[in-house]
Amino acid sequence: MLRTPLLAAARSTGVRKLVEANPLTAAVVDRFVAGTTPEDAVSATRSLRDQGLHVTLDHLGEDTLDSAQAAGTVRAYQRMLAELAEAGLADRAEVSVKLSAVGQFLPTDGEKIALDNARLICEAAAAAGTTVTLDMEDHTTTDSTLGILADLRVDFPWVGAVLQAYLHRTEGDCRDLATAGSRVRLCKGAYAEPASVAFQDKQEVDRSYVRCLKVLMNGEGYPMVATHDPRMVAIAGDLAARARRSPETFEYQMLYGIRPEEQRRLAADGNKLRVYVAYGDEWYGYFMRRLAERPANLAFFLRSLVSS
Ligand code: FAD
């Protein structure tokens with residue numbers, strides 16, 4: 001019930017100022033965000049590596065309308081990738097990029113600027129010896145993001161995509177992308193979307209997730225199963241076994257700070273588990289989506305405000 005207002009608040013400057021100004025927010029944000037600097041990102045990666053986990057690093061930021069800020073985001077990724085390589089961790093961590101953080105929404109030539117900027121990040125990832133996955137944002141960006149993905153994959157065939165099971169179109173997109181060498185992260189979807197494009201009912205989203213998983217597991221690509229849902233994790237394992245996939249041919253993914261024991265359990269059972277680690281100052285939108293996903297996250301946040 002609170003999901004829609006929280007997701008609306010995720011894009012409200014007024015609410016953002018209120019939440020950010022509250023000194024008590026920081027402690028709760030720390031649960032989901034690994035720090036602010038590239039050093040924090042590297043240190044979180046090292047700690048997760050030591051627990052047998054893999055990582056994808058997200059330099060927080062989205063929806064920029066300022067080309068200088070977009071260029072700053074590129075520099076932040078370049079610096080972080082260099083530090084990752086320097087620390088000998090590039091075989092354990094890749095990066096996740098939101099195209100809206102590197103210029104996709106700029107009013108003039110936004111898509112071209114986002115493509116050029118994403119290309120610079122891919123070059124830095126290649127130099128470091130790792131890969132990039134393009135996050136998926138709201139449905140108005142899906143065609144643009146998949147178009148940029150196709151352009152990038154000409155030179156960097158390892159660039160991964162994210163598909164969101166709540167969108168009606170996604171089963172078809174899974175079919176298109178379940179090809180050799182194609183890395184696809186399947187998630188349920190984190191934005192407020194209208195009924196014209198997205199399933200609204202949780203059970204319908206779950207059923208779509210399973211249909212999409214079947215396509216990806218039976219295809220030739222590399223499925224990345226991004227969910228904390230125990231049912232989806234179990235079904236993914238069964239489908240992988242039925243498709244005779246070995247553990248190196250797909251992976252599970254979960255967010256930093258969510259179900260950490262389950263992350264370690266899956267890895268200890270011989271699966272590849274990648275943790276999505278967000279860091280940086282621009283945590284507001286990411287944090288609000290985490291609150292919207294789960295009443296318990298919101299309750300934790302509200303309790304911390306009341307009890308302090
Ligand atoms: P939900 O339907 O939220 O939860 C199902 C069940 O999972 C719950 O009933 C509970 O049993 C368990 N569970 C969930 N959360 C918790 C918790 N905090 N503690 C304990 N149990 C829990 N979305 C996008 O739109 N674009 C992206 O690019 C994107 N990238 C992502 C990358 C990764 C690695 C992950 C894990 C998610 C990403 N998401 C992205 C977010 C995703 O779309 C969902 O909003 C989010 O993962 C919540 O959905 P869920 O599959 O975990 O299941």
# chains A, B, ... in the order shown; residues from 1 in each chain; ligands from 1
call {"tool": "residues_near_ligand", "arguments": {"ligand": "ligand 1", "cutoff": "7 Å", "atoms": "only C-alpha atoms and all ligand atoms", "output": "ChimeraX atom specification"}}
result
/A:135-138,162,164,187-191,202,226-230,253-255,258-259,275-276,293-294,297
call {"tool": "closest_residue", "arguments": {"among": "A:Tyr209, A:Phe250, A:Glu220, A:Tyr166", "to": "Ser196 (chain A)", "atoms": "only C-alpha atoms"}}
result
A:Tyr166
call {"tool": "atom_distance", "arguments": {"atom1": "CA of Glu261 (chain A)", "atom2": "CA of Ser47 (chain A)"}}
result
14.2 Å
call {"tool": "atom_distance", "arguments": {"atom1": "CA of Val33 (chain A)", "atom2": "CA of Ala278 (chain A)"}}
result
5.3 Å
call {"tool": "select_by_dssp", "arguments": {"residues": "region 56-256 of chain A", "states": "helix (DSSP H, G or I)", "output": "ChimeraX atom specification"}}
result
/A:67-86,99-101,110-128,139-155,170-177,202-218,230-242,247-249
call {"tool": "closest_residue", "arguments": {"among": "A:Val225, A:Ala34, A:Ala101, A:Ala124", "to": "Gly61 (chain A)", "atoms": "only C-alpha atoms"}}
result
A:Ala101
call {"tool": "atom_distance", "arguments": {"atom1": "CA of Asp173 (chain A)", "atom2": "CA of Ser100 (chain A)"}}
result
20.6 Å
call {"tool": "closest_residue", "arguments": {"among": "A:Tyr279, A:Phe156, A:Phe300, A:Phe105", "to": "Thr130 (chain A)", "atoms": "only C-alpha atoms"}}
result
A:Phe156
